[in-house]
file coords_29.tsv (TSV, N, CA and C atoms)
chain	number	residue	atom	x	y	z
A	1	MET	N	-28.60	4.36	-38.79
A	1	MET	CA	-28.68	5.28	-37.67
A	1	MET	C	-28.45	6.70	-38.14
A	2	ASP	N	-28.96	7.60	-37.39
A	2	ASP	CA	-28.80	9.01	-37.69
A	2	ASP	C	-27.40	9.45	-37.23
A	3	VAL	N	-26.69	10.17	-38.09
A	3	VAL	CA	-25.31	10.61	-37.79
A	3	VAL	C	-25.30	11.56	-36.60
A	4	GLU	N	-26.30	12.41	-36.49
A	4	GLU	CA	-26.35	13.36	-35.38
A	4	GLU	C	-26.51	12.64	-34.05
A	5	LEU	N	-27.30	11.57	-34.03
A	5	LEU	CA	-27.49	10.80	-32.81
A	5	LEU	C	-26.20	10.10	-32.40
A	6	VAL	N	-25.49	9.56	-33.36
A	6	VAL	CA	-24.22	8.89	-33.06
A	6	VAL	C	-23.19	9.89	-32.53
A	7	LEU	N	-23.08	11.07	-33.18
A	7	LEU	CA	-22.14	12.09	-32.70
A	7	LEU	C	-22.53	12.59	-31.31
A	8	SER	N	-23.81	12.73	-31.07
A	8	SER	CA	-24.27	13.17	-29.76
A	8	SER	C	-23.95	12.13	-28.68
A	9	ALA	N	-24.17	10.86	-29.00
A	9	ALA	CA	-23.88	9.80	-28.03
A	9	ALA	C	-22.38	9.67	-27.77
A	10	LEU	N	-21.57	9.75	-28.82
A	10	LEU	CA	-20.12	9.68	-28.63
A	10	LEU	C	-19.60	10.87	-27.83
A	11	GLY	N	-20.08	12.06	-28.15
A	11	GLY	CA	-19.65	13.25	-27.41
A	11	GLY	C	-20.05	13.20	-25.95
A	12	THR	N	-21.28	12.74	-25.68
A	12	THR	CA	-21.74	12.64	-24.30
A	12	THR	C	-20.97	11.57	-23.54
A	13	GLY	N	-20.75	10.43	-24.16
A	13	GLY	CA	-19.99	9.37	-23.50
A	13	GLY	C	-18.56	9.76	-23.21
A	14	PHE	N	-17.91	10.36	-24.19
A	14	PHE	CA	-16.53	10.81	-24.00
A	14	PHE	C	-16.46	11.91	-22.94
A	15	GLY	N	-17.44	12.81	-22.96
A	15	GLY	CA	-17.49	13.89	-21.97
A	15	GLY	C	-17.68	13.35	-20.56
A	16	LEU	N	-18.56	12.36	-20.40
A	16	LEU	CA	-18.76	11.77	-19.07
A	16	LEU	C	-17.51	11.03	-18.60
A	17	GLY	N	-16.83	10.36	-19.52
A	17	GLY	CA	-15.58	9.68	-19.15
A	17	GLY	C	-14.51	10.66	-18.71
A	18	CYS	N	-14.37	11.76	-19.44
A	18	CYS	CA	-13.39	12.78	-19.06
A	18	CYS	C	-13.76	13.45	-17.75
A	19	LEU	N	-15.05	13.67	-17.53
A	19	LEU	CA	-15.49	14.27	-16.27
A	19	LEU	C	-15.22	13.32	-15.10
A	20	LEU	N	-15.40	12.04	-15.30
A	20	LEU	CA	-15.08	11.05	-14.27
A	20	LEU	C	-13.59	11.06	-13.95
A	21	LEU	N	-12.75	11.16	-14.96
A	21	LEU	CA	-11.31	11.23	-14.74
A	21	LEU	C	-10.91	12.53	-14.03
A	22	ALA	N	-11.61	13.63	-14.31
A	22	ALA	CA	-11.33	14.89	-13.63
A	22	ALA	C	-11.67	14.78	-12.14
A	23	VAL	N	-12.80	14.16	-11.83
A	23	VAL	CA	-13.19	13.98	-10.42
A	23	VAL	C	-12.20	13.07	-9.72
A	24	ARG	N	-11.73	12.04	-10.41
A	24	ARG	CA	-10.74	11.13	-9.83
A	24	ARG	C	-9.42	11.86	-9.54
A	25	ALA	N	-9.00	12.74	-10.45
A	25	ALA	CA	-7.76	13.49	-10.24
A	25	ALA	C	-7.89	14.46	-9.07
A	26	VAL	N	-9.05	15.10	-8.92
A	26	VAL	CA	-9.27	15.99	-7.78
A	26	VAL	C	-9.28	15.20	-6.49
A	27	ARG	N	-9.92	14.04	-6.49
A	27	ARG	CA	-9.94	13.19	-5.30
A	27	ARG	C	-8.54	12.75	-4.90
A	28	THR	N	-7.70	12.43	-5.88
A	28	THR	CA	-6.31	12.07	-5.60
A	28	THR	C	-5.56	13.25	-4.99
A	29	ALA	N	-5.76	14.44	-5.53
A	29	ALA	CA	-5.09	15.63	-4.99
A	29	ALA	C	-5.54	15.92	-3.56
A	30	VAL	N	-6.83	15.76	-3.29
A	30	VAL	CA	-7.33	15.99	-1.93
A	30	VAL	C	-6.77	14.94	-0.98
A	31	ARG	N	-6.70	13.69	-1.41
A	31	ARG	CA	-6.13	12.63	-0.57
A	31	ARG	C	-4.66	12.91	-0.26
A	32	LEU	N	-3.92	13.38	-1.26
A	32	LEU	CA	-2.51	13.72	-1.02
A	32	LEU	C	-2.39	14.91	-0.08
A	33	TRP	N	-3.29	15.87	-0.19
A	33	TRP	CA	-3.24	17.04	0.68
A	33	TRP	C	-3.56	16.65	2.12
A	34	ALA	N	-4.54	15.74	2.29
A	34	ALA	CA	-4.99	15.38	3.63
A	34	ALA	C	-4.06	14.36	4.31
A	35	ARG	N	-3.66	13.32	3.60
A	35	ARG	CA	-2.91	12.23	4.24
A	35	ARG	C	-1.50	12.07	3.73
A	36	GLY	N	-1.06	12.90	2.84
A	36	GLY	CA	0.24	12.72	2.21
A	36	GLY	C	1.41	13.08	3.10
A	37	LEU	N	2.49	12.36	2.91
A	37	LEU	CA	3.75	12.68	3.58
A	37	LEU	C	4.54	13.61	2.68
A	38	ARG	N	5.03	14.68	3.24
A	38	ARG	CA	5.78	15.66	2.47
A	38	ARG	C	7.26	15.53	2.76
A	39	VAL	N	8.04	15.40	1.71
A	39	VAL	CA	9.49	15.31	1.82
A	39	VAL	C	10.10	16.26	0.79
A	40	THR	N	11.39	16.45	0.91
A	40	THR	CA	12.09	17.30	-0.04
A	40	THR	C	12.90	16.44	-1.00
A	41	GLY	N	12.73	16.67	-2.27
A	41	GLY	CA	13.48	15.98	-3.29
A	41	GLY	C	14.44	16.93	-3.98
A	42	VAL	N	15.31	16.36	-4.78
A	42	VAL	CA	16.29	17.15	-5.52
A	42	VAL	C	16.11	16.87	-7.01
A	43	VAL	N	16.09	17.93	-7.80
A	43	VAL	CA	15.95	17.79	-9.25
A	43	VAL	C	17.29	17.36	-9.83
A	44	THR	N	17.26	16.28	-10.62
A	44	THR	CA	18.46	15.77	-11.28
A	44	THR	C	18.24	15.74	-12.79
A	45	ALA	N	19.33	15.70	-13.52
A	45	ALA	CA	19.24	15.67	-14.98
A	45	ALA	C	18.95	14.25	-15.46
A	46	ARG	N	18.34	14.16	-16.62
A	46	ARG	CA	18.13	12.87	-17.26
A	46	ARG	C	19.44	12.39	-17.88
A	47	THR	N	19.49	11.12	-18.21
A	47	THR	CA	20.68	10.61	-18.90
A	47	THR	C	20.73	11.17	-20.31
A	48	THR	N	21.87	11.13	-20.91
A	48	THR	CA	22.00	11.68	-22.26
A	48	THR	C	21.24	10.86	-23.30
A	49	ALA	N	21.01	9.59	-23.02
A	49	ALA	CA	20.27	8.74	-23.96
A	49	ALA	C	18.77	9.04	-23.93
A	50	ASP	N	18.30	9.64	-22.86
A	50	ASP	CA	16.88	9.96	-22.73
A	50	ASP	C	16.61	11.30	-23.41
A	51	ARG	N	15.79	11.29	-24.45
A	51	ARG	CA	15.55	12.51	-25.24
A	51	ARG	C	14.41	13.36	-24.70
A	52	ARG	N	13.74	12.91	-23.66
A	52	ARG	CA	12.64	13.70	-23.12
A	52	ARG	C	13.15	14.93	-22.40
A	53	ARG	N	12.32	15.98	-22.38
A	53	ARG	CA	12.70	17.22	-21.72
A	53	ARG	C	12.41	17.15	-20.23
A	54	GLY	N	12.99	18.08	-19.50
A	54	GLY	CA	12.73	18.18	-18.06
A	54	GLY	C	13.65	17.28	-17.27
A	55	GLY	N	13.63	17.47	-15.98
A	55	GLY	CA	14.48	16.69	-15.10
A	55	GLY	C	13.70	15.63	-14.36
A	56	LEU	N	14.41	14.88	-13.56
A	56	LEU	CA	13.84	13.88	-12.68
A	56	LEU	C	13.99	14.36	-11.25
A	57	VAL	N	13.15	13.89	-10.36
A	57	VAL	CA	13.22	14.27	-8.96
A	57	VAL	C	13.55	13.04	-8.14
A	58	VAL	N	14.63	13.10	-7.37
A	58	VAL	CA	15.03	12.02	-6.48
A	58	VAL	C	14.63	12.43	-5.07
A	59	PHE	N	13.88	11.53	-4.37
A	59	PHE	CA	13.41	11.84	-3.02
A	59	PHE	C	13.45	10.59	-2.16
A	60	PRO	N	13.61	10.75	-0.83
A	60	PRO	CA	13.60	9.59	0.06
A	60	PRO	C	12.17	9.28	0.52
A	61	ASP	N	11.84	8.00	0.66
A	61	ASP	CA	10.53	7.64	1.20
A	61	ASP	C	10.65	7.48	2.72
A	62	HIS	N	9.59	7.01	3.36
A	62	HIS	CA	9.57	6.90	4.81
A	62	HIS	C	10.48	5.79	5.33
A	63	LEU	N	10.93	4.91	4.47
A	63	LEU	CA	11.87	3.85	4.86
A	63	LEU	C	13.32	4.21	4.55
A	64	GLY	N	13.55	5.37	3.97
A	64	GLY	CA	14.89	5.82	3.66
A	64	GLY	C	15.39	5.42	2.28
A	65	ARG	N	14.55	4.78	1.48
A	65	ARG	CA	14.94	4.40	0.12
A	65	ARG	C	14.90	5.61	-0.78
A	66	GLU	N	15.79	5.66	-1.75
A	66	GLU	CA	15.81	6.74	-2.74
A	66	GLU	C	14.91	6.34	-3.91
A	67	LEU	N	13.88	7.13	-4.18
A	67	LEU	CA	12.97	6.88	-5.29
A	67	LEU	C	13.10	7.99	-6.31
A	68	VAL	N	12.73	7.69	-7.55
A	68	VAL	CA	12.82	8.66	-8.64
A	68	VAL	C	11.41	8.97	-9.13
A	69	LEU	N	11.11	10.24	-9.24
A	69	LEU	CA	9.82	10.72	-9.73
A	69	LEU	C	10.04	11.40	-11.08
A	70	ASP	N	9.29	10.97	-12.08
A	70	ASP	CA	9.34	11.62	-13.39
A	70	ASP	C	8.13	12.54	-13.50
A	71	PRO	N	8.31	13.86	-13.35
A	71	PRO	CA	7.17	14.77	-13.39
A	71	PRO	C	6.56	14.96	-14.77
A	72	GLY	N	7.15	14.42	-15.79
A	72	GLY	CA	6.56	14.51	-17.12
A	72	GLY	C	7.27	15.50	-18.02
A	73	ALA	N	6.83	15.52	-19.25
A	73	ALA	CA	7.47	16.35	-20.26
A	73	ALA	C	7.21	17.84	-20.03
A	74	TYR	N	6.10	18.17	-19.42
A	74	TYR	CA	5.74	19.57	-19.23
A	74	TYR	C	6.07	20.07	-17.83
A	75	ALA	N	7.02	19.43	-17.17
A	75	ALA	CA	7.38	19.83	-15.81
A	75	ALA	C	7.93	21.24	-15.77
A	76	SER	N	8.68	21.63	-16.79
A	76	SER	CA	9.23	22.98	-16.80
A	76	SER	C	8.13	24.02	-16.94
A	77	LEU	N	7.03	23.67	-17.63
A	77	LEU	CA	5.90	24.60	-17.75
A	77	LEU	C	5.12	24.73	-16.44
A	78	CYS	N	5.20	23.69	-15.61
A	78	CYS	CA	4.48	23.71	-14.34
A	78	CYS	C	5.34	24.17	-13.18
A	79	GLY	N	6.52	24.68	-13.44
A	79	GLY	CA	7.32	25.28	-12.39
A	79	GLY	C	8.38	24.39	-11.77
A	80	LEU	N	8.87	23.40	-12.47
A	80	LEU	CA	9.95	22.57	-11.92
A	80	LEU	C	11.23	23.39	-11.92
A	81	PRO	N	11.92	23.47	-10.77
A	81	PRO	CA	13.15	24.27	-10.73
A	81	PRO	C	14.28	23.65	-11.54
A	82	LEU	N	15.37	24.35	-11.62
A	82	LEU	CA	16.54	23.88	-12.36
A	82	LEU	C	17.21	22.70	-11.66
A	83	VAL	N	18.09	22.04	-12.37
A	83	VAL	CA	18.81	20.87	-11.84
A	83	VAL	C	19.62	21.28	-10.62
A	84	GLY	N	19.53	20.46	-9.57
A	84	GLY	CA	20.27	20.71	-8.34
A	84	GLY	C	19.46	21.41	-7.27
A	85	ARG	N	18.32	21.93	-7.61
A	85	ARG	CA	17.48	22.64	-6.64
A	85	ARG	C	16.56	21.68	-5.90
A	86	ALA	N	16.11	22.10	-4.74
A	86	ALA	CA	15.19	21.30	-3.94
A	86	ALA	C	13.75	21.57	-4.36
A	87	VAL	N	12.92	20.55	-4.27
A	87	VAL	CA	11.52	20.66	-4.64
A	87	VAL	C	10.71	19.80	-3.67
A	88	PRO	N	9.53	20.28	-3.22
A	88	PRO	CA	8.71	19.47	-2.31
A	88	PRO	C	7.98	18.36	-3.05
A	89	VAL	N	7.93	17.18	-2.42
A	89	VAL	CA	7.28	16.00	-2.98
A	89	VAL	C	6.28	15.50	-1.94
A	90	VAL	N	5.14	14.99	-2.38
A	90	VAL	CA	4.14	14.43	-1.48
A	90	VAL	C	3.74	13.05	-2.01
A	91	TYR	N	3.51	12.12	-1.07
A	91	TYR	CA	3.06	10.78	-1.44
A	91	TYR	C	2.28	10.18	-0.29
A	92	VAL	N	1.43	9.21	-0.60
A	92	VAL	CA	0.71	8.46	0.42
A	92	VAL	C	1.64	7.39	0.95
A	93	ARG	N	1.62	7.18	2.24
A	93	ARG	CA	2.56	6.25	2.88
A	93	ARG	C	2.53	4.85	2.27
A	94	GLU	N	1.36	4.38	1.88
A	94	GLU	CA	1.24	3.03	1.32
A	94	GLU	C	1.74	2.93	-0.12
A	95	ARG	N	1.83	4.06	-0.82
A	95	ARG	CA	2.22	4.05	-2.23
A	95	ARG	C	3.23	5.14	-2.53
A	96	PRO	N	4.47	5.00	-2.10
A	96	PRO	CA	5.45	6.06	-2.37
A	96	PRO	C	5.84	6.16	-3.84
A	97	THR	N	5.59	5.12	-4.63
A	97	THR	CA	5.92	5.19	-6.05
A	97	THR	C	4.93	6.04	-6.83
A	98	ALA	N	3.78	6.38	-6.23
A	98	ALA	CA	2.78	7.24	-6.88
A	98	ALA	C	2.88	8.66	-6.35
A	99	ALA	N	4.09	9.15	-6.16
A	99	ALA	CA	4.31	10.49	-5.61
A	99	ALA	C	4.05	11.56	-6.66
A	100	ARG	N	3.82	12.77	-6.18
A	100	ARG	CA	3.65	13.93	-7.04
A	100	ARG	C	4.41	15.10	-6.42
A	101	LEU	N	4.66	16.09	-7.24
A	101	LEU	CA	5.27	17.29	-6.71
A	101	LEU	C	4.24	18.06	-5.89
A	102	TRP	N	4.69	18.65	-4.81
A	102	TRP	CA	3.80	19.37	-3.91
A	102	TRP	C	3.69	20.82	-4.34
A	103	THR	N	3.16	21.04	-5.52
A	103	THR	CA	2.86	22.38	-6.01
A	103	THR	C	1.43	22.37	-6.52
A	104	LEU	N	0.79	23.50	-6.47
A	104	LEU	CA	-0.60	23.58	-6.89
A	104	LEU	C	-0.76	23.22	-8.37
A	105	ARG	N	0.20	23.63	-9.18
A	105	ARG	CA	0.11	23.34	-10.62
A	105	ARG	C	0.19	21.85	-10.90
A	106	HIS	N	1.11	21.15	-10.24
A	106	HIS	CA	1.27	19.71	-10.50
A	106	HIS	C	0.12	18.90	-9.93
A	107	LEU	N	-0.47	19.35	-8.84
A	107	LEU	CA	-1.57	18.59	-8.25
A	107	LEU	C	-2.88	18.78	-9.01
A	108	LEU	N	-3.13	19.97	-9.51
A	108	LEU	CA	-4.42	20.25	-10.13
A	108	LEU	C	-4.41	20.30	-11.65
A	109	ALA	N	-3.25	20.25	-12.28
A	109	ALA	CA	-3.19	20.30	-13.74
A	109	ALA	C	-3.91	19.12	-14.41
A	110	PRO	N	-3.78	17.88	-13.92
A	110	PRO	CA	-4.52	16.79	-14.58
A	110	PRO	C	-6.03	16.98	-14.51
A	111	SER	N	-6.55	17.39	-13.37
A	111	SER	CA	-8.00	17.57	-13.26
A	111	SER	C	-8.49	18.70	-14.16
A	112	PHE	N	-7.70	19.77	-14.26
A	112	PHE	CA	-8.08	20.88	-15.13
A	112	PHE	C	-8.10	20.44	-16.59
A	113	GLY	N	-7.11	19.67	-17.01
A	113	GLY	CA	-7.06	19.17	-18.38
A	113	GLY	C	-8.22	18.25	-18.71
A	114	TRP	N	-8.55	17.34	-17.79
A	114	TRP	CA	-9.69	16.44	-18.03
A	114	TRP	C	-11.00	17.21	-18.05
A	115	PHE	N	-11.13	18.24	-17.20
A	115	PHE	CA	-12.35	19.04	-17.19
A	115	PHE	C	-12.50	19.80	-18.50
A	116	LEU	N	-11.41	20.37	-19.02
A	116	LEU	CA	-11.49	21.06	-20.31
A	116	LEU	C	-11.85	20.09	-21.43
A	117	SER	N	-11.29	18.88	-21.39
A	117	SER	CA	-11.63	17.87	-22.41
A	117	SER	C	-13.10	17.50	-22.35
A	118	SER	N	-13.64	17.37	-21.13
A	118	SER	CA	-15.06	17.03	-21.01
A	118	SER	C	-15.94	18.18	-21.51
A	119	THR	N	-15.51	19.42	-21.28
A	119	THR	CA	-16.27	20.56	-21.76
A	119	THR	C	-16.31	20.59	-23.28
A	120	VAL	N	-15.19	20.32	-23.91
A	120	VAL	CA	-15.14	20.28	-25.38
A	120	VAL	C	-16.01	19.15	-25.91
A	121	ALA	N	-15.96	17.99	-25.26
A	121	ALA	CA	-16.77	16.86	-25.72
A	121	ALA	C	-18.27	17.14	-25.56
A	122	PHE	N	-18.66	17.70	-24.43
A	122	PHE	CA	-20.07	18.06	-24.25
A	122	PHE	C	-20.50	19.13	-25.24
A	123	GLY	N	-19.63	20.10	-25.52
A	123	GLY	CA	-19.95	21.12	-26.50
A	123	GLY	C	-20.13	20.54	-27.89
A	124	THR	N	-19.30	19.56	-28.23
A	124	THR	CA	-19.44	18.87	-29.52
A	124	THR	C	-20.76	18.11	-29.59
A	125	ALA	N	-21.13	17.48	-28.50
A	125	ALA	CA	-22.40	16.74	-28.47
A	125	ALA	C	-23.59	17.69	-28.63
A	126	VAL	N	-23.52	18.85	-27.98
A	126	VAL	CA	-24.61	19.82	-28.10
A	126	VAL	C	-24.67	20.39	-29.52
A	127	ALA	N	-23.49	20.67	-30.09
A	127	ALA	CA	-23.46	21.23	-31.45
A	127	ALA	C	-23.95	20.21	-32.46
A	128	ALA	N	-23.74	18.93	-32.21
A	128	ALA	CA	-24.19	17.91	-33.14
A	128	ALA	C	-25.71	17.76	-33.14
A	129	THR	N	-26.33	18.05	-32.01
A	129	THR	CA	-27.80	17.94	-31.94
A	129	THR	C	-28.50	19.19	-32.43
A	130	SER	N	-27.79	20.29	-32.53
A	130	SER	CA	-28.41	21.55	-32.97
A	130	SER	C	-28.57	21.61	-34.46
call {"tool": "encode", "arguments": {"input": "coords_29.tsv", "output": "structure tokens"}}
result
Amino acid sequence: MDVELVLSALGTGFGLGCLLLAVRAVRTAVRLWARGLRVTGVVTARTTADRRRGGLVVFPDHLGRELVLDPGAYASLCGLPLVGRAVPVVYVRERPTAARLWTLRHLLAPSFGWFLSSTVAFGTAVAATS
């Protein structure tokens, strides 16, 4: 097989997969915006044994249970407040364990990242055919 054809096919396939994941992340954000329940959570510190950065968010669901949301390692880059502060949380009533922070950065950052990855993959595919 021709190496350029293989690189073009891999780049196009990976780009389409990343683009599909970007559309899925936007759809999830829109669903949370339209039907999500908004509650207030509190940022808490991780245990000392946990070496990951950032805090955890404890929030109540619609049944009054306390759930824990891990916003990820880059939560401080996306605007997570300091420990002890309140932060808005949104979740779909049927799936409170799939909650997200109710900030524009946390809702749209995954779709932006997948879109950039698809752009790089498509660019690689185009460069391989040139």
call {"tool": "atom_distance", "arguments": {"input": "coords_29.tsv", "atom1": "CA of Thr44 in chain A", "atom2": "atom N of Glu94 in chain A"}}
result
24.4 Å
call {"tool": "residues_around", "arguments": {"input": "coords_29.tsv", "residues": "Gly84 in chain A", "least_positions_apart": "6", "cutoff": "10 Å", "atoms": "only C-alpha atoms", "output": "ChimeraX atom specification"}}
result
/A:41-45,55,57
call {"tool": "residues_around", "arguments": {"input": "coords_29.tsv", "residues": "Phe59 in chain A", "least_positions_apart": "2", "cutoff": "6 Å", "atoms": "only N, CA and C atoms", "output": "JSON, numbers by chain"}}
result
{"A": [40, 41, 42, 57, 61, 65, 66, 67, 68, 69]}
call {"tool": "select_by_dssp", "arguments": {"input": "coords_29.tsv", "residues": "chain A", "states": "strand (DSSP E)", "output": "PDB file with N, CA and C atoms, keeping the file's coordinate frame"}}
result
ATOM      1  N   LEU A  37       2.490  12.360   2.910  1.00  0.00           N
ATOM      2  CA  LEU A  37       3.750  12.680   3.580  1.00  0.00           C
ATOM      3  C   LEU A  37       4.540  13.610   2.680  1.00  0.00           C
ATOM      4  N   ARG A  38       5.030  14.680   3.240  1.00  0.00           N
ATOM      5  CA  ARG A  38       5.780  15.660   2.470  1.00  0.00           C
ATOM      6  C   ARG A  38       7.260  15.530   2.760  1.00  0.00           C
ATOM      7  N   VAL A  39       8.040  15.400   1.710  1.00  0.00           N
ATOM      8  CA  VAL A  39       9.490  15.310   1.820  1.00  0.00           C
ATOM      9  C   VAL A  39      10.100  16.260   0.790  1.00  0.00           C
ATOM     10  N   THR A  40      11.390  16.450   0.910  1.00  0.00           N
ATOM     11  CA  THR A  40      12.090  17.300  -0.040  1.00  0.00           C
ATOM     12  C   THR A  40      12.900  16.440  -1.000  1.00  0.00           C
ATOM     13  N   GLY A  41      12.730  16.670  -2.270  1.00  0.00           N
ATOM     14  CA  GLY A  41      13.480  15.980  -3.290  1.00  0.00           C
ATOM     15  C   GLY A  41      14.440  16.930  -3.980  1.00  0.00           C
ATOM     16  N   VAL A  42      15.310  16.360  -4.780  1.00  0.00           N
ATOM     17  CA  VAL A  42      16.290  17.150  -5.520  1.00  0.00           C
ATOM     18  C   VAL A  42      16.110  16.870  -7.010  1.00  0.00           C
ATOM     19  N   VAL A  43      16.090  17.930  -7.800  1.00  0.00           N
ATOM     20  CA  VAL A  43      15.950  17.790  -9.250  1.00  0.00           C
ATOM     21  C   VAL A  43      17.290  17.360  -9.830  1.00  0.00           C
ATOM     22  N   THR A  44      17.260  16.280 -10.620  1.00  0.00           N
ATOM     23  CA  THR A  44      18.460  15.770 -11.280  1.00  0.00           C
ATOM     24  C   THR A  44      18.240  15.740 -12.790  1.00  0.00           C
ATOM     25  N   LEU A  56      14.410  14.880 -13.560  1.00  0.00           N
ATOM     26  CA  LEU A  56      13.840  13.880 -12.680  1.00  0.00           C
ATOM     27  C   LEU A  56      13.990  14.360 -11.250  1.00  0.00           C
ATOM     28  N   VAL A  57      13.150  13.890 -10.360  1.00  0.00           N
ATOM     29  CA  VAL A  57      13.220  14.270  -8.960  1.00  0.00           C
ATOM     30  C   VAL A  57      13.550  13.040  -8.140  1.00  0.00           C
ATOM     31  N   VAL A  58      14.630  13.100  -7.370  1.00  0.00           N
ATOM     32  CA  VAL A  58      15.030  12.020  -6.480  1.00  0.00           C
ATOM     33  C   VAL A  58      14.630  12.430  -5.070  1.00  0.00           C
ATOM     34  N   PHE A  59      13.880  11.530  -4.370  1.00  0.00           N
ATOM     35  CA  PHE A  59      13.410  11.840  -3.020  1.00  0.00           C
ATOM     36  C   PHE A  59      13.450  10.590  -2.160  1.00  0.00           C
ATOM     37  N   PRO A  60      13.610  10.750  -0.830  1.00  0.00           N
ATOM     38  CA  PRO A  60      13.600   9.590   0.060  1.00  0.00           C
ATOM     39  C   PRO A  60      12.170   9.280   0.520  1.00  0.00           C
ATOM     40  N   GLU A  66      15.790   5.660  -1.750  1.00  0.00           N
ATOM     41  CA  GLU A  66      15.810   6.740  -2.740  1.00  0.00           C
ATOM     42  C   GLU A  66      14.910   6.340  -3.910  1.00  0.00           C
ATOM     43  N   LEU A  67      13.880   7.130  -4.180  1.00  0.00           N
ATOM     44  CA  LEU A  67      12.970   6.880  -5.290  1.00  0.00           C
ATOM     45  C   LEU A  67      13.100   7.990  -6.310  1.00  0.00           C
ATOM     46  N   VAL A  68      12.730   7.690  -7.550  1.00  0.00           N
ATOM     47  CA  VAL A  68      12.820   8.660  -8.640  1.00  0.00           C
ATOM     48  C   VAL A  68      11.410   8.970  -9.130  1.00  0.00           C
ATOM     49  N   LEU A  69      11.110  10.240  -9.240  1.00  0.00           N
ATOM     50  CA  LEU A  69       9.820  10.720  -9.730  1.00  0.00           C
ATOM     51  C   LEU A  69      10.040  11.400 -11.080  1.00  0.00           C
ATOM     52  N   ALA A  86      16.110  22.100  -4.740  1.00  0.00           N
ATOM     53  CA  ALA A  86      15.190  21.300  -3.940  1.00  0.00           C
ATOM     54  C   ALA A  86      13.750  21.570  -4.360  1.00  0.00           C
ATOM     55  N   VAL A  87      12.920  20.550  -4.270  1.00  0.00           N
ATOM     56  CA  VAL A  87      11.520  20.660  -4.640  1.00  0.00           C
ATOM     57  C   VAL A  87      10.710  19.800  -3.670  1.00  0.00           C
ATOM     58  N   PRO A  88       9.530  20.280  -3.220  1.00  0.00           N
ATOM     59  CA  PRO A  88       8.710  19.470  -2.310  1.00  0.00           C
ATOM     60  C   PRO A  88       7.980  18.360  -3.050  1.00  0.00           C
ATOM     61  N   VAL A  89       7.930  17.180  -2.420  1.00  0.00           N
ATOM     62  CA  VAL A  89       7.280  16.000  -2.980  1.00  0.00           C
ATOM     63  C   VAL A  89       6.280  15.500  -1.940  1.00  0.00           C
ATOM     64  N   VAL A  90       5.140  14.990  -2.380  1.00  0.00           N
ATOM     65  CA  VAL A  90       4.140  14.430  -1.480  1.00  0.00           C
ATOM     66  C   VAL A  90       3.740  13.050  -2.010  1.00  0.00           C
ATOM     67  N   TYR A  91       3.510  12.120  -1.070  1.00  0.00           N
ATOM     68  CA  TYR A  91       3.060  10.780  -1.440  1.00  0.00           C
ATOM     69  C   TYR A  91       2.280  10.180  -0.290  1.00  0.00           C
ATOM     70  N   VAL A  92       1.430   9.210  -0.600  1.00  0.00           N
ATOM     71  CA  VAL A  92       0.710   8.460   0.420  1.00  0.00           C
ATOM     72  C   VAL A  92       1.640   7.390   0.950  1.00  0.00           C
ATOM     73  N   ARG A  95       1.830   4.060  -0.820  1.00  0.00           N
ATOM     74  CA  ARG A  95       2.220   4.050  -2.230  1.00  0.00           C
ATOM     75  C   ARG A  95       3.230   5.140  -2.530  1.00  0.00           C
ATOM     76  N   PRO A  96       4.470   5.000  -2.100  1.00  0.00           N
ATOM     77  CA  PRO A  96       5.450   6.060  -2.370  1.00  0.00           C
ATOM     78  C   PRO A  96       5.840   6.160  -3.840  1.00  0.00           C
ATOM     79  N   THR A  97       5.590   5.120  -4.630  1.00  0.00           N
ATOM     80  CA  THR A  97       5.920   5.190  -6.050  1.00  0.00           C
ATOM     81  C   THR A  97       4.930   6.040  -6.830  1.00  0.00           C
ATOM     82  N   ALA A  98       3.780   6.380  -6.230  1.00  0.00           N
ATOM     83  CA  ALA A  98       2.780   7.240  -6.880  1.00  0.00           C
ATOM     84  C   ALA A  98       2.880   8.660  -6.350  1.00  0.00           C
ATOM     85  N   ALA A  99       4.090   9.150  -6.160  1.00  0.00           N
ATOM     86  CA  ALA A  99       4.310  10.490  -5.610  1.00  0.00           C
ATOM     87  C   ALA A  99       4.050  11.560  -6.660  1.00  0.00           C
ATOM     88  N   ARG A 100       3.820  12.770  -6.180  1.00  0.00           N
ATOM     89  CA  ARG A 100       3.650  13.930  -7.040  1.00  0.00           C
ATOM     90  C   ARG A 100       4.410  15.100  -6.420  1.00  0.00           C
ATOM     91  N   LEU A 101       4.660  16.090  -7.240  1.00  0.00           N
ATOM     92  CA  LEU A 101       5.270  17.290  -6.710  1.00  0.00           C
ATOM     93  C   LEU A 101       4.240  18.060  -5.890  1.00  0.00           C
TER      94      LEU A 101
END
call {"tool": "atom_distance", "arguments": {"input": "coords_29.tsv", "atom1": "atom C of Val39 in chain A", "atom2": "atom N of Arg53 in chain A"}}
result
23.3 Å
call {"tool": "closest_residue", "arguments": {"input": "coords_29.tsv", "among": "A:Gly123, A:Thr97, A:Thr129, A:Tyr91", "to": "Trp33 in chain A", "atoms": "all atoms listed in the file"}}
result
A:Tyr91
call {"tool": "atom_distance", "arguments": {"input": "coords_29.tsv", "atom1": "CA of Val90 in chain A", "atom2": "CA of Thr47 in chain A"}}
result
24.3 Å
call {"tool": "closest_residue", "arguments": {"input": "coords_29.tsv", "among": "A:Val58, A:Ala25, A:Leu32, A:Cys78", "to": "His106 in chain A", "atoms": "only C-alpha atoms"}}
result
A:Cys78
call {"tool": "select_by_dssp", "arguments": {"input": "coords_29.tsv", "residues": "range 23-128 of chain A", "states": "helix (DSSP H, G or I)", "output": "ChimeraX atom specification"}}
result
/A:23-35,104-128
call {"tool": "residues_near_point", "arguments": {"input": "coords_29.tsv", "point": "(-5.8, 19.1, -14.1)", "cutoff": "12 Å", "atoms": "only C-alpha atoms", "output": "count of residues only"}}
result
27
call {"tool": "closest_residue", "arguments": {"input": "coords_29.tsv", "among": "A:Gly54, A:Ala99, A:Thr12, A:Arg93", "to": "Ala75 in chain A", "atoms": "all atoms listed in the file"}}
result
A:Gly54
call {"tool": "closest_residue", "arguments": {"input": "coords_29.tsv", "among": "A:Thr103, A:Thr48, A:Thr119, A:Ser130", "to": "Phe14 in chain A", "atoms": "only N, CA and C atoms"}}
result
A:Thr119
